[in-house]
>>> print(open('entry03.txt').read())   # compact mmCIF, C-alpha atoms and all ligand atoms
# COMPACT_ATOMS: atom_id res chain seq x y z
CA MET A 703 -21.54 4.42 12.84
CA THR A 704 -18.67 6.93 12.99
CA GLN A 705 -18.99 10.29 11.20
CA GLU A 706 -15.27 10.22 10.40
CA LYS A 707 -14.14 10.52 6.77
CA ILE A 708 -10.65 9.11 6.37
CA ALA A 709 -8.11 9.64 3.56
CA MET A 710 -5.52 6.88 3.53
CA VAL A 711 -2.29 6.15 1.70
CA GLY A 712 -1.06 2.64 0.92
CA THR A 713 0.66 0.21 -1.39
CA PRO A 714 -1.47 -1.71 -3.96
CA CYS A 715 -2.10 -4.62 -1.58
CA GLU A 716 -3.14 -2.24 1.22
CA ILE A 717 -5.41 -0.32 -1.15
CA MET A 718 -6.97 -3.63 -2.26
CA ALA A 719 -7.63 -4.43 1.43
CA ALA A 720 -9.22 -0.97 1.86
CA SER A 721 -11.37 -1.55 -1.23
CA LYS A 722 -12.52 -4.92 0.13
CA ILE A 723 -13.27 -3.31 3.52
CA GLN A 724 -15.40 -0.72 1.67
CA HIS A 725 -17.06 -3.49 -0.38
CA TYR A 726 -17.93 -5.86 2.45
CA THR A 727 -18.38 -3.60 5.51
CA THR A 728 -19.42 -0.07 6.43
CA SER A 729 -16.23 1.89 6.66
CA PRO A 730 -14.94 5.42 7.38
CA ILE A 731 -12.45 5.15 4.48
CA TYR A 732 -13.44 7.95 2.08
CA PHE A 733 -10.40 8.58 -0.13
CA LYS A 734 -7.61 6.18 -1.18
CA VAL A 735 -4.23 7.44 -2.37
CA GLY A 736 -2.48 4.37 -3.76
CA LEU A 737 1.27 4.17 -4.30
CA PHE A 738 3.09 2.35 -7.09
CA CYS A 739 4.98 -0.61 -5.64
CA MET A 740 7.38 -3.02 -7.29
CA GLU A 741 8.42 -4.81 -4.10
CA ASN A 742 8.84 -4.34 -0.36
CA PHE A 743 11.45 -5.57 2.10
CA SER A 744 11.71 -7.44 5.37
CA TYR A 745 12.80 -4.91 8.02
CA LYS A 746 14.78 -7.54 9.91
CA TYR A 747 16.65 -8.88 6.88
CA PHE A 748 17.26 -5.43 5.39
CA ASN A 749 19.02 -4.58 8.67
CA LYS A 750 21.17 -7.68 8.27
CA LEU A 751 21.97 -6.71 4.66
CA LEU A 752 23.09 -3.27 5.85
CA GLU A 753 25.52 -4.94 8.29
CA GLU A 754 27.34 -6.37 5.25
CA TYR A 755 27.95 -2.75 4.18
CA ASP A 756 28.95 -1.76 7.71
CA LEU A 757 25.85 0.44 7.94
CA SER A 758 22.81 0.78 10.17
CA MET A 759 19.33 2.18 9.53
CA ASP A 760 19.89 5.26 11.71
CA GLU A 761 22.66 6.47 9.38
CA ILE A 762 20.25 6.67 6.43
CA GLU A 763 18.56 9.92 5.39
CA LYS A 764 16.63 8.59 2.36
CA PHE A 765 16.06 5.40 0.34
CA ARG A 766 15.56 5.50 -3.40
CA ILE A 767 15.21 2.63 -5.88
CA GLU A 768 15.99 3.27 -9.53
CA LYS A 769 17.91 1.94 -12.52
CA GLY A 770 18.71 -1.40 -10.91
CA TYR A 771 20.05 -0.02 -7.62
CA THR A 772 18.88 0.82 -4.12
CA PHE A 773 20.44 4.20 -3.37
CA LEU A 774 20.98 5.01 0.28
CA LYS A 775 21.58 8.70 0.97
CA LEU A 776 23.38 8.85 4.30
CA LYS A 777 22.98 11.68 6.82
CA THR A 778 26.62 12.59 6.01
CA GLY A 779 25.58 13.26 2.39
CA GLU A 780 27.40 10.16 1.07
CA ILE A 781 25.46 7.95 -1.39
CA ILE A 782 25.77 4.14 -1.14
CA LYS A 783 24.58 1.94 -4.02
CA ILE A 784 23.30 -1.58 -3.36
CA PRO A 785 22.51 -3.60 -6.52
CA LEU A 786 18.77 -4.30 -6.62
CA SER A 787 19.57 -7.98 -7.32
CA LYS A 788 21.22 -8.05 -3.87
CA ALA A 789 18.39 -6.13 -2.16
CA LYS A 790 15.88 -8.51 -3.77
CA THR A 791 17.24 -11.31 -1.57
CA VAL A 792 15.46 -9.61 1.36
CA VAL A 793 12.15 -8.92 -0.45
CA ARG A 794 9.11 -10.16 1.48
CA LYS A 795 7.94 -13.55 0.20
CA ASN A 796 4.38 -12.30 -0.41
CA CYS A 797 5.65 -9.67 -2.88
CA ASN A 798 6.78 -12.40 -5.29
CA ILE A 799 3.14 -13.29 -6.01
CA CYS A 800 1.90 -9.71 -6.38
CA VAL A 801 0.84 -8.78 -9.92
CA GLU A 802 -0.17 -5.17 -9.33
CA LEU A 803 2.16 -2.17 -9.69
CA THR A 804 -0.11 0.88 -9.62
CA SER A 805 -2.85 0.50 -6.94
CA GLU A 806 -5.64 -0.03 -9.45
CA THR A 807 -8.49 0.24 -6.92
CA SER A 808 -7.44 3.64 -5.55
CA ASP A 809 -9.02 7.06 -6.19
CA VAL A 810 -5.63 8.34 -7.34
CA SER A 811 -2.34 6.45 -7.69
CA VAL A 812 1.06 8.08 -7.23
CA GLY A 813 4.57 6.90 -8.09
CA SER A 814 7.84 8.00 -9.61
CA ILE A 815 7.95 5.79 -12.72
CA GLY A 816 7.31 7.88 -15.83
CA SER A 817 8.13 11.26 -14.28
CA GLU A 818 11.34 13.27 -14.21
CA PRO A 819 13.15 13.66 -10.83
CA GLY A 820 11.20 15.87 -8.41
CA TRP A 821 7.85 15.05 -10.05
CA SER A 822 5.34 12.22 -9.46
CA THR A 823 3.17 10.36 -11.92
CA VAL A 824 -0.50 10.61 -10.88
CA ILE A 825 -3.13 8.24 -12.27
CA ILE A 826 -6.61 9.64 -11.64
CA ARG A 827 -9.10 6.79 -11.47
CA THR A 828 -12.38 8.03 -10.00
CA GLU A 829 -14.66 11.05 -10.42
CA LYS A 830 -13.92 11.99 -6.79
CA GLY A 831 -10.18 11.72 -7.48
CA GLU A 832 -10.47 13.91 -10.57
CA LYS A 833 -12.38 16.63 -8.74
CA ILE A 834 -9.92 16.68 -5.85
CA ILE A 835 -6.81 16.86 -8.06
CA GLU A 836 -8.39 19.54 -10.31
CA ASP A 837 -9.32 21.63 -7.28
CA ALA A 838 -5.89 21.18 -5.65
CA ILE A 839 -4.34 22.43 -8.92
CA LYS A 840 -6.79 25.37 -9.10
CA GLN A 841 -6.01 26.31 -5.49
CA LYS A 842 -2.26 26.18 -6.24
CA TYR A 843 -1.41 23.23 -3.99
CA LEU A 844 -0.15 21.29 -7.04
CA LYS A 845 1.04 21.93 -10.58
CA ALA A 846 0.62 19.37 -13.36
CA LYS A 847 1.68 18.54 -16.92
CA GLU A 848 0.52 15.87 -19.37
CA LEU A 849 2.54 12.64 -19.30
CA THR A 850 4.26 12.16 -22.69
CA PRO A 851 3.47 8.99 -24.72
CA SER A 852 7.00 7.64 -24.07
CA GLN A 853 6.65 8.21 -20.29
CA LEU A 854 3.32 6.35 -20.35
CA LYS A 855 4.84 3.53 -22.40
CA LEU A 856 7.63 3.10 -19.84
CA LEU A 857 5.11 2.87 -16.98
CA GLU A 858 2.99 0.35 -18.89
CA ARG A 859 6.04 -1.76 -19.75
CA ILE A 860 7.22 -1.92 -16.13
CA ALA A 861 3.68 -2.76 -14.92
CA SER A 862 3.39 -5.57 -17.51
CA ASN A 863 6.79 -6.95 -16.57
CA LYS A 864 5.81 -7.13 -12.90
CA ALA A 865 2.52 -8.85 -13.75
CA ARG A 866 4.23 -11.34 -16.08
CA GLU A 867 7.13 -12.26 -13.77
CA ASN A 868 4.94 -12.65 -10.71
CA SER A 869 2.26 -14.59 -12.65
CA GLU A 870 5.06 -17.07 -13.42
CA ASN A 871 5.95 -17.19 -9.72
CA ILE A 872 2.27 -17.84 -8.92
CA GLU A 873 2.17 -20.71 -11.38
CA TYR A 874 5.31 -22.20 -9.84
CA ARG A 875 4.02 -21.75 -6.29
CA GLU A 876 0.68 -23.33 -7.17
CA SER A 877 2.49 -26.35 -8.62
CA LYS A 878 4.05 -26.94 -5.17
CA ALA A 879 1.51 -25.61 -2.67
CA ARG A 880 -2.02 -24.24 -2.19
CA PRO A 881 -3.74 -22.07 -4.85
CA VAL A 882 -3.07 -18.33 -4.67
CA LEU A 883 -6.66 -17.34 -3.89
CA TYR A 884 -6.64 -13.70 -4.98
CA GLN A 885 -5.79 -14.74 -8.53
CA ARG A 886 -8.71 -17.19 -8.79
CA ASP A 887 -11.28 -16.20 -11.37
CA LYS A 888 -14.62 -16.81 -9.62
CA THR A 889 -18.08 -15.33 -9.91
CA ASP A 890 -19.19 -13.01 -7.12
CA GLU A 891 -21.83 -15.60 -6.20
CA ASN A 892 -19.17 -18.32 -5.78
CA ILE A 893 -17.00 -15.94 -3.77
CA LEU A 894 -19.86 -15.24 -1.36
CA GLU A 895 -20.37 -18.98 -1.01
CA GLU A 896 -16.65 -19.51 -0.23
CA ILE A 897 -16.72 -16.63 2.27
CA SER A 898 -19.78 -18.07 4.02
CA GLU A 899 -17.80 -21.25 4.72
CA SER A 900 -14.54 -19.59 5.80
CA ASN A 901 -13.14 -17.99 8.95
CA PHE A 902 -9.75 -17.18 10.48
CA ASP A 903 -8.60 -20.82 10.34
CA ASP A 904 -8.99 -20.72 6.53
CA LEU A 905 -7.13 -17.42 6.40
CA ARG A 906 -4.30 -18.96 8.39
CA ALA A 907 -4.12 -22.05 6.15
CA ASN A 908 -4.49 -20.31 2.76
CA VAL A 909 -2.76 -16.97 3.31
CA ILE A 910 -0.73 -16.64 6.50
CA ASN A 911 1.02 -20.03 6.69
CA VAL A 912 1.87 -20.06 2.97
CA GLY A 913 3.68 -16.71 2.96
CA ALA A 914 0.96 -14.72 1.15
CA CYS A 915 0.07 -12.37 4.03
CA VAL A 916 1.00 -8.75 3.28
CA LEU A 917 0.64 -7.81 6.98
CA CYS A 918 -1.91 -5.07 6.22
CA GLY A 919 -3.91 -5.58 9.43
CA ALA A 920 -7.32 -5.58 7.69
CA CYS A 921 -8.31 -8.84 9.41
CA GLU A 922 -7.32 -7.45 12.81
CA TYR A 923 -9.29 -4.23 12.19
CA VAL A 924 -12.57 -5.83 11.09
CA CYS A 925 -12.86 -8.65 13.65
CA PRO A 926 -16.03 -7.83 15.62
CA GLU A 927 -14.88 -10.00 18.53
CA ASP A 928 -11.40 -8.44 18.74
CA LEU A 929 -9.90 -11.92 18.40
CA ILE A 930 -7.07 -11.15 15.99
CA LEU A 931 -3.77 -9.65 17.06
CA ILE A 932 -0.78 -8.61 14.98
CA LYS A 933 2.19 -8.04 17.21
CA ASN A 934 5.27 -8.74 15.18
CA THR A 935 5.20 -10.78 12.03
CA LYS A 936 1.88 -12.60 11.71
CA PRO A 937 -1.79 -12.22 12.57
CA ARG A 938 -2.72 -14.59 15.40
CA LYS A 939 -6.04 -15.50 16.93
CA LYS A 940 -6.21 -14.91 20.67
CA ARG A 941 -8.87 -17.53 21.40
CA LYS A 942 -9.83 -20.76 19.69
CA SER A 943 -13.51 -20.23 19.08
CA CYS A 944 -15.14 -17.90 16.51
CA PRO A 945 -18.82 -16.99 16.25
CA ALA A 946 -20.24 -19.39 13.67
CA ASP A 947 -21.72 -16.74 11.38
CA CYS A 948 -18.71 -14.42 11.13
CA HIS A 949 -16.39 -14.59 8.12
CA THR A 950 -15.31 -10.96 7.89
CA CYS A 951 -11.53 -11.44 8.25
CA PHE A 952 -11.54 -13.88 5.33
CA ALA A 953 -13.72 -11.55 3.22
CA VAL A 954 -11.57 -8.42 3.53
CA CYS A 955 -8.10 -9.98 3.23
CA PRO A 956 -6.45 -8.75 0.01
CA ARG A 957 -5.04 -12.22 -0.57
CA THR A 958 -8.37 -14.08 -0.63
CA PHE A 959 -10.87 -14.10 -3.52
CA VAL A 960 -11.48 -10.68 -5.13
CA PRO A 961 -14.95 -9.60 -6.31
CA LEU A 962 -15.26 -8.82 -10.01
CA LYS A 963 -15.44 -5.02 -9.73
CA LEU A 964 -12.12 -4.92 -7.86
CA ARG A 965 -10.21 -7.64 -9.75
CA ASN A 966 -7.11 -6.66 -11.78
CA ASP A 967 -7.61 -7.09 -15.50
CA LEU A 968 -4.13 -8.15 -16.58
CA LYS A 969 -4.85 -6.99 -20.15
CA LYS A 970 -5.14 -3.40 -18.87
CA LYS A 971 -1.54 -2.71 -17.93
CA ILE A 972 -2.21 0.00 -15.34
CA GLY A 973 -5.93 -0.61 -14.73
CA ASN A 974 -8.84 1.73 -15.48
CA TYR A 975 -8.24 5.47 -15.31
CA ARG A 976 -9.69 8.81 -16.37
CA LYS A 977 -6.50 10.87 -16.68
CA ILE A 978 -2.77 10.52 -16.15
CA LEU A 979 -0.51 13.46 -15.28
CA THR A 980 2.95 14.30 -14.01
CA VAL A 981 2.58 16.43 -10.88
CA LYS A 982 4.64 18.45 -8.41
CA SER A 983 3.80 20.12 -5.10
CA LEU A 984 3.69 23.92 -4.92
CA THR A 985 3.40 23.96 -1.13
CA HIS A 986 5.83 21.31 0.22
CA ASN A 987 9.39 20.43 -0.74
CA ARG A 988 10.47 17.54 1.50
CA GLY A 989 9.23 14.15 0.31
CA GLN A 990 10.03 11.15 -1.84
CA ASP A 991 9.39 12.47 -5.36
CA GLY A 992 6.99 15.33 -6.23
CA VAL A 993 5.75 15.46 -2.58
CA VAL A 994 2.34 14.96 -4.13
CA VAL A 995 0.93 12.49 -1.57
CA THR A 996 1.74 14.82 1.34
CA THR A 997 0.20 17.75 -0.55
CA ILE A 998 -3.01 15.88 -1.47
CA LEU A 999 -3.46 14.88 2.19
CA ASP A 1000 -2.73 18.45 3.36
CA TYR A 1001 -5.29 19.78 0.82
CA LEU A 1002 -7.94 17.25 1.95
CA ILE A 1003 -7.54 18.14 5.65
CA SER A 1004 -7.12 21.90 5.14
CA THR A 1005 -10.27 22.14 3.00
CA ASN A 1006 -12.27 19.88 5.37
CA LYS A 1007 -12.88 17.23 2.69
CA VAL A 1008 -11.85 14.58 5.24
CA THR A 1009 -11.74 14.53 9.03
CA GLN A 1010 -8.49 12.52 9.43
CA THR A 1011 -5.69 10.99 7.39
CA LEU A 1012 -4.17 7.52 7.80
CA ILE A 1013 -0.44 7.83 7.14
CA ILE A 1014 2.76 5.83 7.58
CA ASP A 1015 5.37 7.49 9.78
CA LYS A 1016 8.59 6.09 11.27
CA LYS A 1017 8.68 4.48 14.74
CA GLU A 1018 10.43 6.67 17.31
CA ASN A 1019 12.83 4.05 18.64
CA MET A 1020 13.41 1.94 15.48
CA PRO A 1021 14.89 3.92 12.56
CA TRP A 1022 12.89 3.50 9.31
CA LYS A 1023 10.45 1.02 10.91
CA PRO A 1024 7.03 2.07 9.56
CA ILE A 1025 4.12 2.77 11.89
CA ALA A 1026 0.57 3.72 10.92
CA LYS A 1027 -0.94 6.88 12.40
CA LEU A 1028 -4.30 8.58 12.23
CA THR A 1029 -3.94 12.36 12.24
CA LYS A 1030 -5.58 15.66 11.32
CA ASP A 1031 -2.39 17.61 12.00
CA VAL A 1032 -0.71 18.85 8.80
CA ASP A 1033 2.70 18.95 10.54
CA GLU A 1034 2.34 15.20 11.26
CA ILE A 1035 1.40 14.56 7.62
CA VAL A 1036 4.50 16.47 6.50
CA LYS A 1037 6.71 14.62 9.00
CA ALA A 1038 5.51 11.29 7.54
CA SER A 1039 6.54 12.15 3.97
CA GLY A 1040 9.08 9.91 2.24
CA THR A 1041 9.02 6.18 1.48
CA LYS A 1042 9.66 3.55 4.15
CA TYR A 1043 10.54 0.31 2.38
CA SER A 1044 8.94 -2.07 4.84
CA VAL A 1045 5.47 -2.98 6.11
CA CYS A 1046 3.29 -2.40 9.13
CA PRO A 1047 -0.40 -3.13 9.83
CA VAL A 1048 -1.77 0.02 8.24
CA PHE A 1049 -5.35 -0.40 9.50
CA LYS A 1050 -4.40 -0.75 13.20
CA PRO A 1051 -5.23 2.88 14.16
CA LEU A 1052 -8.77 2.50 12.74
CA LYS A 1053 -9.45 -0.06 15.48
CA GLN A 1054 -9.11 2.69 18.04
CA LEU A 1055 -11.59 4.77 16.08
CA LYS A 1056 -14.05 1.87 16.10
CA ARG A 1057 -13.69 1.59 19.87
CA ASP A 1058 -14.13 5.34 20.34
CA VAL A 1059 -17.59 5.25 18.76
CA VAL A 1060 -18.90 2.16 20.57
C1 LIG B 1 7.11 -0.09 -0.36
C2 LIG B 1 7.03 0.92 -1.46
C3 LIG B 1 7.50 0.61 -2.74
C4 LIG B 1 7.40 1.53 -3.78
N1 LIG B 1 7.85 1.18 -5.02
C5 LIG B 1 7.73 2.04 -6.04
C6 LIG B 1 8.14 1.68 -7.35
O1 LIG B 1 8.62 0.56 -7.58
N2 LIG B 1 8.00 2.59 -8.36
C7 LIG B 1 7.46 3.85 -8.13
O2 LIG B 1 7.35 4.63 -9.07
N3 LIG B 1 7.05 4.20 -6.91
C8 LIG B 1 7.17 3.34 -5.86
N4 LIG B 1 6.74 3.70 -4.61
C9 LIG B 1 6.13 5.02 -4.43
C10 LIG B 1 7.17 6.14 -4.25
O3 LIG B 1 8.22 5.69 -3.41
C11 LIG B 1 6.53 7.37 -3.63
O4 LIG B 1 5.83 7.02 -2.46
C12 LIG B 1 5.54 8.05 -4.53
O5 LIG B 1 6.19 8.40 -5.74
C13 LIG B 1 4.97 9.30 -3.89
O6 LIG B 1 5.96 10.23 -3.76
P1 LIG B 1 5.63 11.64 -3.13
O7 LIG B 1 6.86 12.47 -3.11
O8 LIG B 1 4.40 12.19 -3.76
O9 LIG B 1 5.25 11.16 -1.64
P2 LIG B 1 5.45 11.90 -0.21
O10 LIG B 1 4.78 13.24 -0.29
O11 LIG B 1 6.86 11.83 0.18
O12 LIG B 1 4.54 10.99 0.70
C14 LIG B 1 4.80 9.63 0.86
C15 LIG B 1 3.61 9.00 1.55
O13 LIG B 1 3.82 7.61 1.53
C16 LIG B 1 3.37 7.04 2.74
N5 LIG B 1 4.22 5.87 2.99
C17 LIG B 1 5.54 5.86 3.25
N6 LIG B 1 5.96 4.60 3.41
C18 LIG B 1 4.89 3.81 3.26
C19 LIG B 1 4.68 2.41 3.33
N7 LIG B 1 5.67 1.55 3.59
N8 LIG B 1 3.44 1.94 3.14
C20 LIG B 1 2.40 2.78 2.89
N9 LIG B 1 2.54 4.11 2.78
C21 LIG B 1 3.77 4.62 2.98
C22 LIG B 1 3.52 8.13 3.80
O14 LIG B 1 2.42 8.04 4.70
C23 LIG B 1 3.45 9.42 2.99
O15 LIG B 1 2.18 10.01 3.15
C24 LIG B 1 6.84 2.81 -3.54
C25 LIG B 1 6.36 3.12 -2.26
C26 LIG B 1 6.44 2.19 -1.24
C27 LIG B 1 5.90 2.54 0.14
S1 LIG B 2 2.45 -7.35 -1.95
FE1 LIG B 2 4.46 -6.39 -1.88
S2 LIG B 2 4.83 -5.74 -4.00
FE2 LIG B 2 2.63 -6.09 -3.80
S3 LIG B 2 1.80 -4.13 -3.31
FE3 LIG B 2 2.12 -5.21 -1.38
S4 LIG B 2 4.13 -4.51 -0.69
FE4 LIG B 2 3.98 -4.00 -2.88
S1 LIG B 3 -14.83 -13.55 14.69
FE1 LIG B 3 -14.98 -13.28 12.47
S2 LIG B 3 -13.42 -11.77 11.96
FE2 LIG B 3 -12.97 -12.53 14.04
S3 LIG B 3 -11.54 -14.19 13.73
FE3 LIG B 3 -13.55 -15.12 13.76
S4 LIG B 3 -14.19 -15.20 11.59
FE4 LIG B 3 -12.49 -13.77 11.75
S1 LIG B 4 -4.09 -12.25 6.76
FE1 LIG B 4 -4.71 -10.27 7.65
S2 LIG B 4 -2.83 -9.06 7.74
FE2 LIG B 4 -2.46 -10.78 6.34
S3 LIG B 4 -2.95 -9.98 4.32
FE3 LIG B 4 -4.80 -10.94 5.07
S4 LIG B 4 -5.93 -9.29 6.06
FE4 LIG B 4 -3.84 -8.55 5.77
>>> encode(input="entry03.txt", output="C-alpha cells")
Amino acid sequence: MTQEKIAMVGTPCEIMAASKIQHYTTSPIYFKVGLFCMENFSYKYFNKLLEEYDLSMDEIEKFRIEKGYTFLKLKTGEIIKIPLSKAKTVVRKNCNICVELTSETSDVSVGSIGSEPGWSTVIIRTEKGEKIIEDAIKQKYLKAKELTPSQLKLLERIASNKARENSENIEYRESKARPVLYQRDKTDENILEEISESNFDDLRANVINVGACVLCGACEYVCPEDLILIKNTKPRKKRKSCPADCHTCFAVCPRTFVPLKLRNDLKKKIGNYRKILTVKSLTHNRGQDGVVVTTILDYLISTNKVTQTLIIDKKENMPWKPIAKLTKDVDEIVKASGTKYSVCPVFKPLKQLKRDVV
C-alpha cells in the first residue's frame, strides 16, 4: 500500500466518486476539496457554440458564469456575453440528472455563490477540514468572514432549485428509460447484494450507455486487471472477460447506488456542515474567485500535510481542455488555478501511482 497522502479537487460528482473509492477500497485520497457545480459543458460542442460567435477557445482568458450569462473575458480584454440559456444547449447530458450543487461529501466545499466578487464561499464539513482551514487562517494563508444570513439563504435557494429541477428530469428520464441508480433509496445491505452481482457490463448498461457517466475515471482507476480505458468520451473495456469475483468498477461509480452515509439528504439544502465562511487568499491573486482552492492546496503541500495534490490543469495543445495532474510543485498548483468548464478523467494520474508501488 502506498504511503502517499493525496489532496484532490473536484466537482460534486467527482468528490462522490472519491468518497466511494474511500468507502469501498484502500485509497491514498486524504483530503477532498469539493467545488460547487451547477452544470458542466461538452468541450466539443462548446467549441462549436463559440464558432457561432466567431471565436475560438485560444482567444479566451477566463470563463465566468453569473446572473444568467456566460462571460468570456478575451485575451484582448474584451468581454463577450453568451446567454446561459444558449450555453445550456451544450451542457453534458449527465448534468441534467445531477441533484447536488455543493460537493456534500467533501472535507471542504468551495464556490462563488453567496460571496462578493474576489471571495469564495467555504463550507467546512469535517473535523479535518475545520482544523486545516483554521490553521491556514492562523498562518495567514487565508482570511475569512462570517457569511451573512442573506448570503446563506441565496446559496440554499440555488441548491434547492438545482435539486428540484434535476429531480424532475430524473423522474422524466425514468419514465422513458432505466432507473437512475444513484438516486435509488436502498439499504447498505441491498447495495452490497447488487454490487456482488454487477460488473463492467452492468455499468455500461445502467450508466454509460444511458448518458449518466460523468467521465470521472474512477472505474478505470480501480480496475485491478487494468481492463478499463477512457480515451475520449466513454469508458471501454479492453477485453471481454472479467474475473468473476470483481465488482469494483460498479461499486465506486458515482452514478451507481450510494451507501447511506454518503447519500444526499435532499431536505438538507447544502448537506451537513460544521461552519460556513466567506474566504479570500492572502498569498495568491490569480484564480477563479477568492483563489481559495489554490491556497488550501499550497498550504497542504507547504506544511507537509499531504504528499501530492491532484489538480485539473489545461492541456498544452488544446486550449481550455482539462487534464488531471498529480503534483507536489506549488508553481504547478498555481498554474492550474481557474475554472475549466469541461470534464476529464480526474483519477487517471492515480493509476500511475498504483503502478509505481506494485
Ligand atoms: C465545472 C464547474 C462548474 C462550477 N459551477 C459553479 C457554480 O455554478 N457556482 C459556484 O459558485 N461555483 C461553481 N464552480 C466553482 C468555481 O468556479 C470555483 O472553482 C470556486 O469558486 C473556487 O474558486 P477559487 O478562486 O477558490 O479557485 P482557484 O484557486 O482558482 O482554483 C480552482 C481549482 O479548480 C480546479 N478545477 C478547475 N477546473 C476544474 C474542473 N473542470 N474539474 C475539477 N476541478 C477543476 C483546479 O485544479 C484548481 O485547483 C464550478 C467549478 C467547475 C469546475
Ligand atoms: S454531474 Fe455535472 S453538474 Fe453534477 S457535479 Fe458533475 S459536472 Fe457538475
Ligand atoms: S475486473 Fe473488476 S473492475 Fe475491472 S472491469 Fe471487471 S468488474 Fe470492473
Ligand atoms: S462509468 Fe466510470 S467514468 Fe463514468 S461515471 Fe462511472 S466511474 Fe466515472
>>> residues_around(input="entry03.txt", residues="Leu786 in chain A", least_positions_apart="2", cutoff="9 Å", atoms="all atoms listed in the file", output="ChimeraX atom specification")
/A:767-772,783-784,788-791
>>> residues_near_ligand(input="entry03.txt", ligand="ligand LIG 2 (chain B)", cutoff="8 Å", atoms="all atoms listed in the file", output="list in words")
Thr713, Pro714, Cys715, Glu716, Phe738, Cys739, Met740, Glu741, Asn742, Phe743, Arg794, Asn796, Cys797, Asn798, Ile799, Cys800, Val801, Glu802, Leu803, Ser805, Val916, Ser1044 and Val1045 of chain A
>>> residues_around(input="entry03.txt", residues="Asp903 in chain A", least_positions_apart="4", cutoff="10 Å", atoms="all atoms listed in the file", output="list in words")
Ala907, Asn908, Val909, Ile910, Arg938, Lys939, Lys942, Cys944 and Phe952 of chain A
>>> closest_residue(input="entry03.txt", among="A:Trp1022, A:Tyr975, A:Phe1049, A:Tyr1043", to="ligand LIG 1 (chain B)", atoms="only C-alpha atoms and all ligand atoms")
A:Tyr1043
>>> atom_distance(input="entry03.txt", atom1="CA of Lys830 in chain A", atom2="CA of Lys1053 in chain A")
25.7 Å
>>> closest_atom_pairs(input="entry03.txt", of="chain A", to="ligand LIG 3 (chain B)", cutoff="6 Å", atoms="all atoms listed in the file", output="JSON lines")
{"residue": "A:Asn901", "atom": "CA", "partner": "B:LIG3", "partner_atom": "S4", "distance": 4.0}
{"residue": "A:Phe902", "atom": "CA", "partner": "B:LIG3", "partner_atom": "FE4", "distance": 4.6}
{"residue": "A:Cys925", "atom": "CA", "partner": "B:LIG3", "partner_atom": "S2", "distance": 3.6}
{"residue": "A:Pro926", "atom": "CA", "partner": "B:LIG3", "partner_atom": "FE2", "distance": 5.8}
{"residue": "A:Glu927", "atom": "CA", "partner": "B:LIG3", "partner_atom": "S1", "distance": 5.2}
{"residue": "A:Leu929", "atom": "CA", "partner": "B:LIG3", "partner_atom": "FE2", "distance": 5.4}
{"residue": "A:Ile930", "atom": "CA", "partner": "B:LIG3", "partner_atom": "S3", "distance": 5.9}
{"residue": "A:Cys944", "atom": "CA", "partner": "B:LIG3", "partner_atom": "FE3", "distance": 4.2}
{"residue": "A:Pro945", "atom": "CA", "partner": "B:LIG3", "partner_atom": "S1", "distance": 5.5}
{"residue": "A:Cys948", "atom": "CA", "partner": "B:LIG3", "partner_atom": "FE1", "distance": 4.1}
{"residue": "A:His949", "atom": "CA", "partner": "B:LIG3", "partner_atom": "S4", "distance": 4.2}
{"residue": "A:Thr950", "atom": "CA", "partner": "B:LIG3", "partner_atom": "S2", "distance": 4.6}
{"residue": "A:Cys951", "atom": "CA", "partner": "B:LIG3", "partner_atom": "S2", "distance": 4.2}
>>> decode(input="entry03.txt", residues="range 731-743 of chain A", atoms="C-alpha atoms", output="PDB file, in the first residue's frame")
ATOM      1  CA  ILE A 731      -7.014  10.129  -1.067  1.00  0.00           C
ATOM      2  CA  TYR A 732      -6.630  12.039   2.215  1.00  0.00           C
ATOM      3  CA  PHE A 733      -8.303  15.425   1.684  1.00  0.00           C
ATOM      4  CA  LYS A 734     -11.175  16.381  -0.662  1.00  0.00           C
ATOM      5  CA  VAL A 735     -11.751  19.974  -1.752  1.00  0.00           C
ATOM      6  CA  GLY A 736     -15.140  19.943  -3.464  1.00  0.00           C
ATOM      7  CA  LEU A 737     -16.320  22.670  -5.825  1.00  0.00           C
ATOM      8  CA  PHE A 738     -19.856  23.980  -6.229  1.00  0.00           C
ATOM      9  CA  CYS A 739     -21.181  22.983  -9.649  1.00  0.00           C
ATOM     10  CA  MET A 740     -24.418  23.897 -11.376  1.00  0.00           C
ATOM     11  CA  GLU A 741     -23.561  22.309 -14.726  1.00  0.00           C
ATOM     12  CA  ASN A 742     -20.655  21.404 -16.996  1.00  0.00           C
ATOM     13  CA  PHE A 743     -20.209  21.533 -20.758  1.00  0.00           C
TER      14      PHE A 743
END
